[in-house]
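These notes are about the structure you will find just below.
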Amino acid sequence: MKKGIRGRLIFILLTVFVSIVFFLPSTPLYSKLPSWWGRFFPDKGITLGLDLQGGMHLVMEVEGEKAVDNTVERTTESLKRSLEEKNLAAQSIRREGRDILLSFAPENKEAISKILDEDYPNLATKQSGSGEMVLTLRESEVNRILESATSQALETIRNRIDQFGVTEPLIQQQGADEILVQLPGVKEPQRAIALIGRTAQLEFKLVDDENPIARQFPLEIEADQEAAFVQEYQAQIPPDDQILFERMVNEETGKVTKRPFLVKRQAALSGDLLSDARVSIGDFNTPYVALTFDPVGARLFEKVTEENRRRRLAIVLDNTVYSAPVIQERISGGRAQISGTFTMDQANDLSIVLRAGALPAPVKIIQNVTVGPSLGQDSVENGLKAGMIGTLLVVSFMVVYYRASGLLADLTMVLNIVLLLGAMAALNATLTLPGIAGIILTIGMSVDANVLIFERIRDELRAGKPVRLAVDAGYTKAFSSIFDSNVTTLITSFVLFLFGTGPIKGFAVTLSLGVMFNLFTALIGTKVVYDFINSRWKLQRLSI
Amino acid sequence: MFQVFKKTNIDFVGKRYFSFALSALMLAFGIASLVFISQGKANLGIDFAGGAAIQLRSEKPIQIEEARAALEEAGVKGAELQEVVAQNKLLVRLKQDIVQKNVVEQVQEALNKKFPENQFTVESSTEIGPTVGQKLQKDALLAIAIAMIGIIIYIAFRFEFRFGVTATLATFHDVLTVLGIFFVLNKEITLLIVTALLTIAGYSLNDKVVVFDRIRENLRLQKRESFDQIINRSINEVLSRTFITGVTTFLVLLAIFFLGGEVIHDFALAMMFGLVIGTYSSWFIASPLLLLWEKRARVLKRASSQS
């Protein structure tokens, strides 16, 4: 008997020790420990949730359908070029939704079919007449694009955030088309959103100044007249052209206006041919972004500049014109620059998105939770205060009601909290505000098992049993109640854990762990003390 | 020995007609609120309905009407405002269909422009799209359903089927009643409140299991007592435990309610209602239901043996 007691005591002390070792890194005390400590013992403690330390929680939806549309658009352009190269120019080739409509001289049909078969395996023929064809993307191709859009977007966003410099970001895919991003401690949420959410599709497009319509364009229009302007001119412009705008800011008044450009729909060069993008400082201390093309891009850039001297080349990012300089001479060496009215931060972010590459499809932010650091601090303090007062109330109540046994129950409650915190640190779990509520609730309920036992012991004592037998009987009889009631609570908290998101999961973690340790401390913790006392002294009365 | 309850002998089961009537009334509110919620007519938090919530702190106290006017002027229409007076905090809530782009910046700018001598800082902001809200709603319902099924199975396995069903029915009653109370008080139904409801379910079941455990034990011990006497005695025997655990839990909930900060204020409130109602239903609903089941079974048995 005595040996069994010692074994249990040692076991309890050991679990307390392990818990404290695991929990230490979460306390300010940890920084005062010698440096060798971290090499032998855990150095990572409980992570504070975003609601406690401040930061951003974003869920983004990748609009994969747009990626499919883009592919159809690109394929149309490329098909047009292929046909031109082979002198099979179609009378008309245009995109309509997901379909490519092609009309041509009937005698070319065979040659065109051959090109389609050889070079465009991703296209399926939907309809075929003597002088026209309707092509569409194969189902398998559409699915592949949809699937890869999310994983590509994830990779791109990860690159951008890495370069933006956030410590311990969480970036993961959620479901088929959602990306979850958590940025603890971000101080400029709007800037972070702009950086993450920007598609960053960089294109160089020739400005179609020769077109008479372009000469009618005003130099600037009101910022909100964009759509109306496009509407007005849409019918007159050639199908190969499109209208894009440059954003102009009046430096004195801060007023924003738009400047329309008529540009070629097909990009002369695109951002995927970049090898680097850096911020540089130009004259008058204005930052600009210096671009370097990869060898293929450099050659193409040289060719484009050579063939289009005296014409303007618009630098377009996400369908907004940044600048449209006149090409003075052939530019070799693969260098270009984007200038504009940038702040240093803006230029910096622009270079980051260009380096990290474009998103395959636009992303839409569908959930954005931002918590300031001061609120997080407040929450921690409130939680601690509530927890301490709550504990104090329970401790006093138990001592008043159950005397020495109540004190014992309080000890097991403290033991319970220590084990809970240790386990959370060991699991590297995230503590959220609802999580703190879960801990406090555990405190309230943690005495339940002891109360059940104590009431049973009281019953036995009232029935006239000697102390030792009464204690044993109390434990035995209360067991099934304690077990069943805790398991049912565990089932609900486990379901919360499985189906909950964010803060709720945090609550479920603390509650589940709390309930489990309740069971452990109530059945082993107090019992060992009673057994110890009973084995030493023959108690006549029990303080209960 | 310090005791609150000496040997009691309260006839819990005997009051069942009264308690059933009371519970029917509460359930009616609960079910009504469920209907309203499913139709989107309740005060659904933005977690479920979508929209934006912005919490701002100002240097000096603010008149809520002036703030509202400032927002209307700046084109942020239809915002719901609420203030935490003592801390100079202002909560701005916008429903899904009126959230504009950069709404957080707009609100802050509008207020700072209107009150230049009293600057506002954004403490937290939440924007949730409508699809997320619907998904969360679905997840919450699924979680509740799965938890309930899991518990029926567990209790049916450990006790008997009738215990599992009655305990779950009574727990449903508790959850719905608290939901009804929150609806009547026009409190916002958020994800955190759903968490509270599930925790209430856990707590309430915990309580019922303790009572049922005693009923099961007494059923085994004695066969001479009638079923209602056994139930009454069992409840009376665990009265003291119910009271003490109830008090300790209530004490910590009070601490969270008053000191935990406004974020988990309503959570604590829901839990307190749940605690009281959960205890009530263990005594007056779950146990009498068990009796009803027993009587009906006996009647059926007699009927089948006579025929």
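Every chain in the structure tokens takes a letter, A first, then B, and so on in the order presented; its residues are numbered from 1, and the ligands are numbered from 1 following the presented order.
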May I ask you to extract the residues of chain B within 7 Å of chain A, using only C-alpha atoms, and to give them as a PyMOL selection string? chain B and resi 1-2+123-129+132+139+143+147+150-151+195+198+202-203+205-206+209-210+213+241+245+248-249+251-252+255-256+259-261
Per DSSP on the backbone, what are the helix (DSSP H, G or I) residues of segment 9-251 of chain A, as number ranges by chain? A: 9-26, 28-32, 37-40, 50-53, 64-85, 106-119, 139-164, 189-197, 212-216, 223-234
I need the residues in segment 36-208 of chain B that are strand (DSSP E) according to DSSP; give them as a PDB file with all heavy atoms, in the first residue's frame.
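To be explicit, this is the file written out as states_21.pdb:
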```pdb
ATOM      1  N   GLY B  51     -20.795  41.093 -43.354  1.00  0.00           N
ATOM      2  CA  GLY B  51     -20.803  42.520 -43.071  1.00  0.00           C
ATOM      3  C   GLY B  51     -19.517  42.944 -42.419  1.00  0.00           C
ATOM      4  O   GLY B  51     -18.513  42.241 -42.511  1.00  0.00           O
ATOM      5  N   ALA B  52     -19.560  44.103 -41.776  1.00  0.00           N
ATOM      6  CA  ALA B  52     -18.338  44.599 -41.161  1.00  0.00           C
ATOM      7  C   ALA B  52     -18.612  45.091 -39.751  1.00  0.00           C
ATOM      8  O   ALA B  52     -19.688  45.616 -39.467  1.00  0.00           O
ATOM      9  CB  ALA B  52     -17.748  45.729 -41.995  1.00  0.00           C
ATOM     10  N   ALA B  53     -17.671  44.886 -38.862  1.00  0.00           N
ATOM     11  CA  ALA B  53     -17.756  45.425 -37.501  1.00  0.00           C
ATOM     12  C   ALA B  53     -16.431  46.104 -37.216  1.00  0.00           C
ATOM     13  O   ALA B  53     -15.374  45.545 -37.447  1.00  0.00           O
ATOM     14  CB  ALA B  53     -18.015  44.312 -36.494  1.00  0.00           C
ATOM     15  N   ILE B  54     -16.515  47.335 -36.753  1.00  0.00           N
ATOM     16  CA  ILE B  54     -15.298  48.099 -36.501  1.00  0.00           C
ATOM     17  C   ILE B  54     -15.356  48.616 -35.067  1.00  0.00           C
ATOM     18  O   ILE B  54     -16.361  49.169 -34.637  1.00  0.00           O
ATOM     19  CB  ILE B  54     -15.194  49.295 -37.473  1.00  0.00           C
ATOM     20  CG1 ILE B  54     -15.337  48.808 -38.908  1.00  0.00           C
ATOM     21  CG2 ILE B  54     -13.871  50.027 -37.281  1.00  0.00           C
ATOM     22  CD1 ILE B  54     -15.842  49.860 -39.847  1.00  0.00           C
ATOM     23  N   GLN B  55     -14.284  48.407 -34.337  1.00  0.00           N
ATOM     24  CA  GLN B  55     -14.234  48.922 -32.974  1.00  0.00           C
ATOM     25  C   GLN B  55     -13.198  50.034 -32.924  1.00  0.00           C
ATOM     26  O   GLN B  55     -12.034  49.841 -33.261  1.00  0.00           O
ATOM     27  CB  GLN B  55     -13.866  47.797 -32.013  1.00  0.00           C
ATOM     28  CG  GLN B  55     -13.935  48.216 -30.569  1.00  0.00           C
ATOM     29  CD  GLN B  55     -13.584  47.079 -29.639  1.00  0.00           C
ATOM     30  OE1 GLN B  55     -13.887  45.925 -29.899  1.00  0.00           O
ATOM     31  NE2 GLN B  55     -12.919  47.391 -28.549  1.00  0.00           N
ATOM     32  N   LEU B  56     -13.654  51.217 -32.518  1.00  0.00           N
ATOM     33  CA  LEU B  56     -12.740  52.357 -32.470  1.00  0.00           C
ATOM     34  C   LEU B  56     -12.614  52.861 -31.036  1.00  0.00           C
ATOM     35  O   LEU B  56     -13.528  52.707 -30.234  1.00  0.00           O
ATOM     36  CB  LEU B  56     -13.258  53.503 -33.338  1.00  0.00           C
ATOM     37  CG  LEU B  56     -13.511  53.179 -34.807  1.00  0.00           C
ATOM     38  CD1 LEU B  56     -14.965  53.402 -35.136  1.00  0.00           C
ATOM     39  CD2 LEU B  56     -12.629  54.023 -35.700  1.00  0.00           C
ATOM     40  N   ARG B  57     -11.477  53.469 -30.749  1.00  0.00           N
ATOM     41  CA  ARG B  57     -11.310  54.089 -29.446  1.00  0.00           C
ATOM     42  C   ARG B  57     -10.984  55.559 -29.681  1.00  0.00           C
ATOM     43  O   ARG B  57     -10.172  55.897 -30.544  1.00  0.00           O
ATOM     44  CB  ARG B  57     -10.167  53.424 -28.675  1.00  0.00           C
ATOM     45  CG  ARG B  57     -10.234  53.740 -27.178  1.00  0.00           C
ATOM     46  CD  ARG B  57      -8.875  53.673 -26.527  1.00  0.00           C
ATOM     47  NE  ARG B  57      -8.343  52.320 -26.439  1.00  0.00           N
ATOM     48  CZ  ARG B  57      -8.413  51.566 -25.341  1.00  0.00           C
ATOM     49  NH1 ARG B  57      -8.999  52.006 -24.266  1.00  0.00           N
ATOM     50  NH2 ARG B  57      -7.869  50.366 -25.342  1.00  0.00           N
ATOM     51  N   SER B  58     -11.635  56.428 -28.934  1.00  0.00           N
ATOM     52  CA  SER B  58     -11.376  57.850 -29.102  1.00  0.00           C
ATOM     53  C   SER B  58     -10.705  58.387 -27.845  1.00  0.00           C
ATOM     54  O   SER B  58     -10.729  57.760 -26.798  1.00  0.00           O
ATOM     55  CB  SER B  58     -12.682  58.589 -29.368  1.00  0.00           C
ATOM     56  OG  SER B  58     -13.569  58.402 -28.287  1.00  0.00           O
ATOM     57  N   GLU B  80     -24.910  50.647 -37.701  1.00  0.00           N
ATOM     58  CA  GLU B  80     -25.431  50.545 -36.340  1.00  0.00           C
ATOM     59  C   GLU B  80     -24.317  50.950 -35.398  1.00  0.00           C
ATOM     60  O   GLU B  80     -23.215  50.431 -35.483  1.00  0.00           O
ATOM     61  CB  GLU B  80     -25.804  49.105 -36.021  1.00  0.00           C
ATOM     62  CG  GLU B  80     -27.139  48.664 -36.540  1.00  0.00           C
ATOM     63  CD  GLU B  80     -27.321  47.173 -36.282  1.00  0.00           C
ATOM     64  OE1 GLU B  80     -27.018  46.731 -35.161  1.00  0.00           O
ATOM     65  OE2 GLU B  80     -27.726  46.485 -37.222  1.00  0.00           O
ATOM     66  N   LEU B  81     -24.610  51.874 -34.510  1.00  0.00           N
ATOM     67  CA  LEU B  81     -23.566  52.329 -33.589  1.00  0.00           C
ATOM     68  C   LEU B  81     -23.888  51.944 -32.153  1.00  0.00           C
ATOM     69  O   LEU B  81     -25.035  51.888 -31.756  1.00  0.00           O
ATOM     70  CB  LEU B  81     -23.407  53.855 -33.674  1.00  0.00           C
ATOM     71  CG  LEU B  81     -22.575  54.338 -34.861  1.00  0.00           C
ATOM     72  CD1 LEU B  81     -23.400  54.375 -36.103  1.00  0.00           C
ATOM     73  CD2 LEU B  81     -21.966  55.682 -34.570  1.00  0.00           C
ATOM     74  N   GLN B  82     -22.824  51.714 -31.438  1.00  0.00           N
ATOM     75  CA  GLN B  82     -23.001  51.314 -30.050  1.00  0.00           C
ATOM     76  C   GLN B  82     -21.760  51.807 -29.319  1.00  0.00           C
ATOM     77  O   GLN B  82     -20.659  51.768 -29.860  1.00  0.00           O
ATOM     78  CB  GLN B  82     -23.065  49.787 -30.006  1.00  0.00           C
ATOM     79  CG  GLN B  82     -23.522  49.213 -28.699  1.00  0.00           C
ATOM     80  CD  GLN B  82     -23.323  47.705 -28.711  1.00  0.00           C
ATOM     81  OE1 GLN B  82     -23.469  47.042 -29.739  1.00  0.00           O
ATOM     82  NE2 GLN B  82     -22.937  47.166 -27.578  1.00  0.00           N
ATOM     83  N   GLU B  83     -21.953  52.339 -28.105  1.00  0.00           N
ATOM     84  CA  GLU B  83     -20.759  52.842 -27.431  1.00  0.00           C
ATOM     85  C   GLU B  83     -20.540  52.142 -26.102  1.00  0.00           C
ATOM     86  O   GLU B  83     -21.466  51.678 -25.455  1.00  0.00           O
ATOM     87  CB  GLU B  83     -20.862  54.355 -27.228  1.00  0.00           C
ATOM     88  CG  GLU B  83     -22.113  54.779 -26.498  1.00  0.00           C
ATOM     89  CD  GLU B  83     -22.198  56.278 -26.314  1.00  0.00           C
ATOM     90  OE1 GLU B  83     -21.158  56.942 -26.341  1.00  0.00           O
ATOM     91  OE2 GLU B  83     -23.319  56.773 -26.101  1.00  0.00           O
ATOM     92  N   VAL B  84     -19.252  52.045 -25.723  1.00  0.00           N
ATOM     93  CA  VAL B  84     -18.904  51.592 -24.389  1.00  0.00           C
ATOM     94  C   VAL B  84     -18.420  52.857 -23.686  1.00  0.00           C
ATOM     95  O   VAL B  84     -17.295  53.294 -23.895  1.00  0.00           O
ATOM     96  CB  VAL B  84     -17.792  50.532 -24.435  1.00  0.00           C
ATOM     97  CG1 VAL B  84     -17.517  49.981 -23.046  1.00  0.00           C
ATOM     98  CG2 VAL B  84     -18.168  49.417 -25.386  1.00  0.00           C
ATOM     99  N   LYS B  89     -15.178  53.887 -26.178  1.00  0.00           N
ATOM    100  CA  LYS B  89     -15.120  52.994 -27.329  1.00  0.00           C
ATOM    101  C   LYS B  89     -16.385  53.126 -28.146  1.00  0.00           C
ATOM    102  O   LYS B  89     -17.465  53.354 -27.603  1.00  0.00           O
ATOM    103  CB  LYS B  89     -14.968  51.543 -26.867  1.00  0.00           C
ATOM    104  CG  LYS B  89     -13.549  51.207 -26.492  1.00  0.00           C
ATOM    105  CD  LYS B  89     -13.421  49.744 -26.146  1.00  0.00           C
ATOM    106  CE  LYS B  89     -12.001  49.461 -25.675  1.00  0.00           C
ATOM    107  NZ  LYS B  89     -11.860  48.097 -25.206  1.00  0.00           N
ATOM    108  N   LEU B  90     -16.228  52.966 -29.436  1.00  0.00           N
ATOM    109  CA  LEU B  90     -17.368  53.053 -30.334  1.00  0.00           C
ATOM    110  C   LEU B  90     -17.369  51.824 -31.237  1.00  0.00           C
ATOM    111  O   LEU B  90     -16.352  51.487 -31.834  1.00  0.00           O
ATOM    112  CB  LEU B  90     -17.251  54.328 -31.185  1.00  0.00           C
ATOM    113  CG  LEU B  90     -18.390  54.599 -32.158  1.00  0.00           C
ATOM    114  CD1 LEU B  90     -19.662  54.950 -31.410  1.00  0.00           C
ATOM    115  CD2 LEU B  90     -18.011  55.733 -33.096  1.00  0.00           C
ATOM    116  N   LEU B  91     -18.500  51.139 -31.275  1.00  0.00           N
ATOM    117  CA  LEU B  91     -18.614  49.978 -32.156  1.00  0.00           C
ATOM    118  C   LEU B  91     -19.493  50.356 -33.342  1.00  0.00           C
ATOM    119  O   LEU B  91     -20.581  50.888 -33.155  1.00  0.00           O
ATOM    120  CB  LEU B  91     -19.256  48.800 -31.417  1.00  0.00           C
ATOM    121  CG  LEU B  91     -18.514  48.293 -30.188  1.00  0.00           C
ATOM    122  CD1 LEU B  91     -19.397  47.361 -29.372  1.00  0.00           C
ATOM    123  CD2 LEU B  91     -17.258  47.565 -30.607  1.00  0.00           C
ATOM    124  N   VAL B  92     -18.991  50.118 -34.515  1.00  0.00           N
ATOM    125  CA  VAL B  92     -19.758  50.417 -35.728  1.00  0.00           C
ATOM    126  C   VAL B  92     -20.014  49.105 -36.451  1.00  0.00           C
ATOM    127  O   VAL B  92     -19.082  48.348 -36.716  1.00  0.00           O
ATOM    128  CB  VAL B  92     -18.980  51.362 -36.665  1.00  0.00           C
ATOM    129  CG1 VAL B  92     -19.778  51.645 -37.925  1.00  0.00           C
ATOM    130  CG2 VAL B  92     -18.641  52.648 -35.945  1.00  0.00           C
ATOM    131  N   ARG B  93     -21.272  48.842 -36.718  1.00  0.00           N
ATOM    132  CA  ARG B  93     -21.610  47.589 -37.391  1.00  0.00           C
ATOM    133  C   ARG B  93     -22.337  47.880 -38.689  1.00  0.00           C
ATOM    134  O   ARG B  93     -23.239  48.701 -38.720  1.00  0.00           O
ATOM    135  CB  ARG B  93     -22.501  46.757 -36.462  1.00  0.00           C
ATOM    136  CG  ARG B  93     -22.215  45.289 -36.568  1.00  0.00           C
ATOM    137  CD  ARG B  93     -22.919  44.516 -35.481  1.00  0.00           C
ATOM    138  NE  ARG B  93     -22.188  44.513 -34.237  1.00  0.00           N
ATOM    139  CZ  ARG B  93     -22.711  44.816 -33.068  1.00  0.00           C
ATOM    140  NH1 ARG B  93     -23.950  45.178 -32.972  1.00  0.00           N
ATOM    141  NH2 ARG B  93     -21.980  44.763 -31.978  1.00  0.00           N
ATOM    142  N   LEU B  94     -21.914  47.227 -39.743  1.00  0.00           N
ATOM    143  CA  LEU B  94     -22.557  47.420 -41.046  1.00  0.00           C
ATOM    144  C   LEU B  94     -22.986  46.079 -41.596  1.00  0.00           C
ATOM    145  O   LEU B  94     -22.213  45.126 -41.581  1.00  0.00           O
ATOM    146  CB  LEU B  94     -21.570  48.070 -42.017  1.00  0.00           C
ATOM    147  CG  LEU B  94     -21.205  49.513 -41.704  1.00  0.00           C
ATOM    148  CD1 LEU B  94     -19.735  49.728 -41.871  1.00  0.00           C
ATOM    149  CD2 LEU B  94     -21.979  50.441 -42.599  1.00  0.00           C
ATOM    150  N   LYS B  95     -24.212  46.045 -42.080  1.00  0.00           N
ATOM    151  CA  LYS B  95     -24.714  44.783 -42.635  1.00  0.00           C
ATOM    152  C   LYS B  95     -24.140  44.537 -44.019  1.00  0.00           C
ATOM    153  O   LYS B  95     -23.638  45.443 -44.675  1.00  0.00           O
ATOM    154  CB  LYS B  95     -26.246  44.815 -42.692  1.00  0.00           C
ATOM    155  CG  LYS B  95     -26.873  44.797 -41.309  1.00  0.00           C
ATOM    156  CD  LYS B  95     -27.010  43.378 -40.769  1.00  0.00           C
ATOM    157  CE  LYS B  95     -27.740  43.364 -39.446  1.00  0.00           C
ATOM    158  NZ  LYS B  95     -27.064  42.791 -38.337  1.00  0.00           N
ATOM    159  N   PHE B 120      -9.620  59.234 -33.477  1.00  0.00           N
ATOM    160  CA  PHE B 120     -10.073  57.853 -33.324  1.00  0.00           C
ATOM    161  C   PHE B 120      -9.001  56.884 -33.841  1.00  0.00           C
ATOM    162  O   PHE B 120      -8.408  57.127 -34.885  1.00  0.00           O
ATOM    163  CB  PHE B 120     -11.343  57.623 -34.136  1.00  0.00           C
ATOM    164  CG  PHE B 120     -12.569  58.186 -33.506  1.00  0.00           C
ATOM    165  CD1 PHE B 120     -12.846  59.542 -33.622  1.00  0.00           C
ATOM    166  CD2 PHE B 120     -13.419  57.381 -32.785  1.00  0.00           C
ATOM    167  CE1 PHE B 120     -13.978  60.077 -33.028  1.00  0.00           C
ATOM    168  CE2 PHE B 120     -14.555  57.904 -32.193  1.00  0.00           C
ATOM    169  CZ  PHE B 120     -14.834  59.262 -32.312  1.00  0.00           C
ATOM    170  N   THR B 121      -8.768  55.824 -33.102  1.00  0.00           N
ATOM    171  CA  THR B 121      -7.907  54.772 -33.632  1.00  0.00           C
ATOM    172  C   THR B 121      -8.733  53.494 -33.755  1.00  0.00           C
ATOM    173  O   THR B 121      -9.620  53.241 -32.936  1.00  0.00           O
ATOM    174  CB  THR B 121      -6.713  54.480 -32.699  1.00  0.00           C
ATOM    175  OG1 THR B 121      -7.205  54.412 -31.361  1.00  0.00           O
ATOM    176  CG2 THR B 121      -5.662  55.561 -32.792  1.00  0.00           C
ATOM    177  N   VAL B 122      -8.436  52.723 -34.788  1.00  0.00           N
ATOM    178  CA  VAL B 122      -9.165  51.462 -34.999  1.00  0.00           C
ATOM    179  C   VAL B 122      -8.531  50.391 -34.127  1.00  0.00           C
ATOM    180  O   VAL B 122      -7.340  50.115 -34.240  1.00  0.00           O
ATOM    181  CB  VAL B 122      -9.100  51.032 -36.477  1.00  0.00           C
ATOM    182  CG1 VAL B 122      -9.781  49.682 -36.666  1.00  0.00           C
ATOM    183  CG2 VAL B 122      -9.751  52.075 -37.356  1.00  0.00           C
ATOM    184  N   GLU B 123      -9.318  49.853 -33.216  1.00  0.00           N
ATOM    185  CA  GLU B 123      -8.783  48.801 -32.350  1.00  0.00           C
ATOM    186  C   GLU B 123      -8.907  47.435 -32.988  1.00  0.00           C
ATOM    187  O   GLU B 123      -8.054  46.586 -32.826  1.00  0.00           O
ATOM    188  CB  GLU B 123      -9.542  48.802 -31.019  1.00  0.00           C
ATOM    189  CG  GLU B 123      -9.146  49.940 -30.121  1.00  0.00           C
ATOM    190  CD  GLU B 123      -9.334  49.558 -28.690  1.00  0.00           C
ATOM    191  OE1 GLU B 123     -10.440  49.095 -28.361  1.00  0.00           O
ATOM    192  OE2 GLU B 123      -8.389  49.698 -27.904  1.00  0.00           O
ATOM    193  N   SER B 124     -10.010  47.221 -33.647  1.00  0.00           N
ATOM    194  CA  SER B 124     -10.160  45.951 -34.355  1.00  0.00           C
ATOM    195  C   SER B 124     -11.213  46.117 -35.428  1.00  0.00           C
ATOM    196  O   SER B 124     -12.068  46.988 -35.333  1.00  0.00           O
ATOM    197  CB  SER B 124     -10.570  44.836 -33.394  1.00  0.00           C
ATOM    198  OG  SER B 124     -11.926  44.964 -33.074  1.00  0.00           O
ATOM    199  N   SER B 125     -11.109  45.306 -36.453  1.00  0.00           N
ATOM    200  CA  SER B 125     -12.136  45.349 -37.481  1.00  0.00           C
ATOM    201  C   SER B 125     -12.330  43.949 -38.022  1.00  0.00           C
ATOM    202  O   SER B 125     -11.399  43.154 -38.059  1.00  0.00           O
ATOM    203  CB  SER B 125     -11.726  46.295 -38.608  1.00  0.00           C
ATOM    204  OG  SER B 125     -10.605  45.783 -39.272  1.00  0.00           O
ATOM    205  N   THR B 126     -13.548  43.660 -38.388  1.00  0.00           N
ATOM    206  CA  THR B 126     -13.864  42.355 -38.955  1.00  0.00           C
ATOM    207  C   THR B 126     -14.729  42.567 -40.182  1.00  0.00           C
ATOM    208  O   THR B 126     -15.716  43.285 -40.111  1.00  0.00           O
ATOM    209  CB  THR B 126     -14.638  41.500 -37.931  1.00  0.00           C
ATOM    210  OG1 THR B 126     -13.922  41.509 -36.708  1.00  0.00           O
ATOM    211  CG2 THR B 126     -14.816  40.083 -38.420  1.00  0.00           C
ATOM    212  N   GLU B 127     -14.318  41.972 -41.287  1.00  0.00           N
ATOM    213  CA  GLU B 127     -15.165  42.026 -42.480  1.00  0.00           C
ATOM    214  C   GLU B 127     -15.386  40.592 -42.935  1.00  0.00           C
ATOM    215  O   GLU B 127     -14.432  39.840 -43.073  1.00  0.00           O
ATOM    216  CB  GLU B 127     -14.484  42.808 -43.600  1.00  0.00           C
ATOM    217  CG  GLU B 127     -14.420  44.296 -43.361  1.00  0.00           C
ATOM    218  CD  GLU B 127     -13.498  44.966 -44.362  1.00  0.00           C
ATOM    219  OE1 GLU B 127     -13.869  45.036 -45.546  1.00  0.00           O
ATOM    220  OE2 GLU B 127     -12.406  45.382 -43.964  1.00  0.00           O
ATOM    221  N   ILE B 128     -16.624  40.234 -43.138  1.00  0.00           N
ATOM    222  CA  ILE B 128     -16.921  38.860 -43.528  1.00  0.00           C
ATOM    223  C   ILE B 128     -17.862  38.837 -44.714  1.00  0.00           C
ATOM    224  O   ILE B 128     -18.894  39.510 -44.720  1.00  0.00           O
ATOM    225  CB  ILE B 128     -17.513  38.078 -42.329  1.00  0.00           C
ATOM    226  CG1 ILE B 128     -16.416  37.873 -41.286  1.00  0.00           C
ATOM    227  CG2 ILE B 128     -18.081  36.742 -42.772  1.00  0.00           C
ATOM    228  CD1 ILE B 128     -16.843  37.144 -40.070  1.00  0.00           C
TER     229      ILE B 128
END
```
Just the residues within 10 Å of segment 305-307 of chain A, please, counting only C-alpha atoms, with nothing from its chain fewer than 4 positions along; format it as a PyMOL selection string. chain A and resi 268+300-301+311-313+326-332
Let's have the selection written as a PDB file, in the first residue's frame, with N, CA and C atoms.
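Okay, selection04.pdb is ready:
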```pdb
ATOM      1  N   ALA A 268       2.880  43.280 -75.868  1.00  0.00           N
ATOM      2  CA  ALA A 268       4.122  43.069 -76.596  1.00  0.00           C
ATOM      3  C   ALA A 268       5.059  42.210 -75.753  1.00  0.00           C
ATOM      4  N   LEU A 300      13.345  39.868 -76.602  1.00  0.00           N
ATOM      5  CA  LEU A 300      12.037  40.328 -77.061  1.00  0.00           C
ATOM      6  C   LEU A 300      11.912  41.846 -76.895  1.00  0.00           C
ATOM      7  N   PHE A 301      12.391  42.340 -75.764  1.00  0.00           N
ATOM      8  CA  PHE A 301      12.314  43.766 -75.473  1.00  0.00           C
ATOM      9  C   PHE A 301      13.126  44.555 -76.505  1.00  0.00           C
ATOM     10  N   ARG A 311       7.300  55.321 -81.153  1.00  0.00           N
ATOM     11  CA  ARG A 311       5.943  55.019 -80.667  1.00  0.00           C
ATOM     12  C   ARG A 311       5.984  54.939 -79.150  1.00  0.00           C
ATOM     13  N   ARG A 312       4.801  54.975 -78.533  1.00  0.00           N
ATOM     14  CA  ARG A 312       4.772  54.913 -77.075  1.00  0.00           C
ATOM     15  C   ARG A 312       4.499  53.477 -76.619  1.00  0.00           C
ATOM     16  N   LEU A 313       5.151  53.103 -75.538  1.00  0.00           N
ATOM     17  CA  LEU A 313       4.955  51.772 -74.974  1.00  0.00           C
ATOM     18  C   LEU A 313       4.380  51.941 -73.562  1.00  0.00           C
ATOM     19  N   VAL A 326       7.849  57.322 -74.713  1.00  0.00           N
ATOM     20  CA  VAL A 326       8.102  57.157 -76.142  1.00  0.00           C
ATOM     21  C   VAL A 326       9.424  56.390 -76.293  1.00  0.00           C
ATOM     22  N   ILE A 327       9.419  55.382 -77.161  1.00  0.00           N
ATOM     23  CA  ILE A 327      10.645  54.615 -77.361  1.00  0.00           C
ATOM     24  C   ILE A 327      11.587  55.444 -78.234  1.00  0.00           C
ATOM     25  N   GLN A 328      12.715  55.828 -77.648  1.00  0.00           N
ATOM     26  CA  GLN A 328      13.661  56.677 -78.402  1.00  0.00           C
ATOM     27  C   GLN A 328      14.571  55.851 -79.284  1.00  0.00           C
ATOM     28  N   GLU A 329      14.987  54.730 -78.740  1.00  0.00           N
ATOM     29  CA  GLU A 329      15.946  53.925 -79.505  1.00  0.00           C
ATOM     30  C   GLU A 329      15.823  52.474 -79.076  1.00  0.00           C
ATOM     31  N   ARG A 330      16.493  51.618 -79.770  1.00  0.00           N
ATOM     32  CA  ARG A 330      16.516  50.212 -79.454  1.00  0.00           C
ATOM     33  C   ARG A 330      17.143  50.042 -78.067  1.00  0.00           C
ATOM     34  N   ILE A 331      16.473  49.280 -77.210  1.00  0.00           N
ATOM     35  CA  ILE A 331      17.013  49.105 -75.863  1.00  0.00           C
ATOM     36  C   ILE A 331      17.511  47.675 -75.716  1.00  0.00           C
ATOM     37  N   SER A 332      18.811  47.524 -75.594  1.00  0.00           N
ATOM     38  CA  SER A 332      19.347  46.186 -75.398  1.00  0.00           C
ATOM     39  C   SER A 332      19.787  46.045 -73.944  1.00  0.00           C
TER      40      SER A 332
END
```
